[in-house]
Amino acid sequence: MPTDDVVTTLIADRGRALTRYAYLLCGDVHDAEDLVQDALVKTFTRRRAGLQVDSAEAYVRRAMLTLYLDGWRKRKRRSGRWPVAAEPASTGGHESASADRIDVIAALADLPPQQRASVVLRFYEDLTVAEIADRIGVSDGAVKRYLSLGVRRLEATLGPIQDTDVESLPVGEPR
Amino acid sequence: MNLTDALDDAARAAVPDRAGPDPARVLHRIRRRRATRTAGYGVVAVAAVGILALGGSRLPLWDGPGTLPPAGPTALEPPVATVPGVECGQSFADVTARTEPGVALDFAPDTTGERPDATTTSVVTGRLTMTPTGSDDLAVMPDVLDGVGLVVVENDTVIGFGTMTVDDAAAQYPSGVAADARVHLAACSADGVPRGPLAAGRYQAYAVLPITIARGPDEQLRDGFVVSDPVLIEISVTAEPDDDPSDAYLRLPECGESTSGLTTTAGPVIGTTVVTVGTGDPQTGAFTEDPSGDVVQVRTRVTNVGPDIPDATSLVTEGVVTLDDVVVAIWFTPGGDLPPVDWTARTVRGETHGVFPLERCDGGGPLGPGSYTVWSMSVAGRLGTDDPALRVIHEPTQLTIDG
């Protein structure tokens, strides 16, 4: 499949999922859309022969994480364009459910990027500690530290969180 | 609370049925980036980094007042910059001789193994802390960590730098500030610029913060540095192909980004670009000057001031149109497939690139009335090389469209 077709198909089929993942990293829908777009550009600027949609998505997700951890949002803010506040959920549901969404996004916003990324990769993407370590480029121990600190800070805001005993997490297999 | 359910619920609520990015816009940006990076990049070797901490003596105390200016890099600079006041090849003893006590700076790296997705620079993460050790009335604010850089030293000579990206969520404690940091490391090149990876081996590095010692807001006493204990950097893996070398080089800002920090650059090549807005047909090259049009005619004239550039590839020029220092439209020339030529010193390559669509960032039609600034960058590549000095940003020009 030609590269441009891979890009078009990837956006059509997986654009929403990628934007959701980006939203949990960024906390703002518009930032999330820009992060996805920047990652697509970064990934496909180099022509990648034989790349299919599935493998392309893995590249894009890795690029999104790298951009995010490398201070992408911070640099964007310095450029004078971006709002700082996290955007609350804009639609739907019962009042308490909406409040929970705002709470969890606001609580995530208080985490440093490496902790936030570790939490999202573990609890949203369901990656193992070893997989997170590979993605972020740190040791397994550092990931456990990020998760432990991150969960502790989230619990300070959100109250007890179920099933988050970081020390007992398997390193090599998903839960 | 079930965190997995809460995250999933929050993501679904915020992004209910959005289709994601506009494919046409993404493809345009990809083509634009490809055009400016195909002018002769080679594969850039990288290295993964392992870290061992060394012990070292604490800095002596300092009891004077101080101001600690933030001085972080911007998105428009290459990813690795020097620390202000410290140069490639300089004796590090010159830096430590100007060390200001009163603030302790520490960088505690996480041990980092191989990194399959390494970029053009070596990367290491760690914890950066800064603590006042002398005067009680010295306040250390989180922003100050933005100004810290890593200096790589061998035999007392500065041989590389690391640019730190510090978390937004730096923690402020009564005793100081702390934040997770991510450091991109690069070795000094022959022309004194930190560029490319450090070779395999072990190096000593120091976290360094340039500071200005002042008495009140108007009386600057001297410049100095806060220097950490030494850290040993071990380059343990070498030579992985780079994922996207274009990120390491000079580029123009994208749609919506600011040009406030953008400056004209010069290298072995210097040039001018004349951009005229009009109506016409990019396919046939037909063009009529008209400020309300939606195409641009681009004429670029670039001189090689020396030395000779063998195997020079086709010239590529891209540009951005800004309003109030923010990019509102972009254009680029896709470049040609002409065979490489030897570009002799002190000769001119005047290339009329033709007529190209002017794409407004908001997807609209022609630019409206206003006073615009046009920035352009030419990329004069060399086959099989990745010399960023051949990317130059020209003097901006003004474009006024009357109402």
# chains A, B, ... in the order shown; residues from 1 in each chain; ligands from 1

$ residues_around --residues "Tyr372 (chain B)" --least-positions-apart "2" --cutoff "6 Å" --atoms "only C-alpha atoms" --output "number ranges by chain"
B: 322-323, 398-400

$ write_last_selection --atoms "N, CA and C atoms" --output "PDB file, in the first residue's frame"
ATOM      1  N   THR B 322       3.537  35.169   7.990  1.00  0.00           N
ATOM      2  CA  THR B 322       3.123  35.388   9.368  1.00  0.00           C
ATOM      3  C   THR B 322       2.347  36.685   9.496  1.00  0.00           C
ATOM      4  N   LEU B 323       1.448  36.678  10.450  1.00  0.00           N
ATOM      5  CA  LEU B 323       0.702  37.870  10.830  1.00  0.00           C
ATOM      6  C   LEU B 323       0.838  38.003  12.333  1.00  0.00           C
ATOM      7  N   GLN B 398       8.501  41.876   3.678  1.00  0.00           N
ATOM      8  CA  GLN B 398       7.159  42.322   4.061  1.00  0.00           C
ATOM      9  C   GLN B 398       6.180  42.135   2.905  1.00  0.00           C
ATOM     10  N   LEU B 399       4.968  41.832   3.249  1.00  0.00           N
ATOM     11  CA  LEU B 399       3.915  41.667   2.255  1.00  0.00           C
ATOM     12  C   LEU B 399       2.671  42.381   2.778  1.00  0.00           C
ATOM     13  N   THR B 400       2.296  43.444   2.110  1.00  0.00           N
ATOM     14  CA  THR B 400       1.125  44.212   2.537  1.00  0.00           C
ATOM     15  C   THR B 400      -0.007  44.018   1.535  1.00  0.00           C
TER      16      THR B 400
END

$ residues_around --residues "Phe107 (chain B)" --least-positions-apart "3" --cutoff "7 Å" --atoms "only C-alpha atoms" --output "JSON, numbers by chain"
{"B": [126, 127, 128, 129, 207]}

$ residues_around --residues "region 148-153 of chain B" --least-positions-apart "4" --cutoff "8 Å" --atoms "only C-alpha atoms" --output "list in words"
Ala71, Gly72, Thr82, Val83, Phe92, Val144, Thr157, Val158, Ile159, Gly160, Phe161, Gly162, Thr163, Met164, Val183, Leu185, Tyr203, Gln204, Ala205, Tyr206, Ala207, Val208, Leu209 and Pro210 of chain B

$ atom_distance --atom1 "CA of Val296 (chain B)" --atom2 "CA of Gly278 (chain B)"
5.9 Å

$ atom_distance --atom1 "CA of Gly293 (chain B)" --atom2 "CA of Leu367 (chain B)"
7.6 Å

$ atom_distance --atom1 "CA of Val41 (chain A)" --atom2 "CA of Met64 (chain A)"
10.5 Å

$ closest_residue --among "A:Val151, A:Leu65, A:Ala109, A:Val104" --to "Asp38 (chain A)" --atoms "only C-alpha atoms"
A:Leu65

$ closest_residue --among "A:Ala130, A:Val60, A:Thr45, A:Ala39" --to "chain B" --atoms "only C-alpha atoms"
A:Thr45
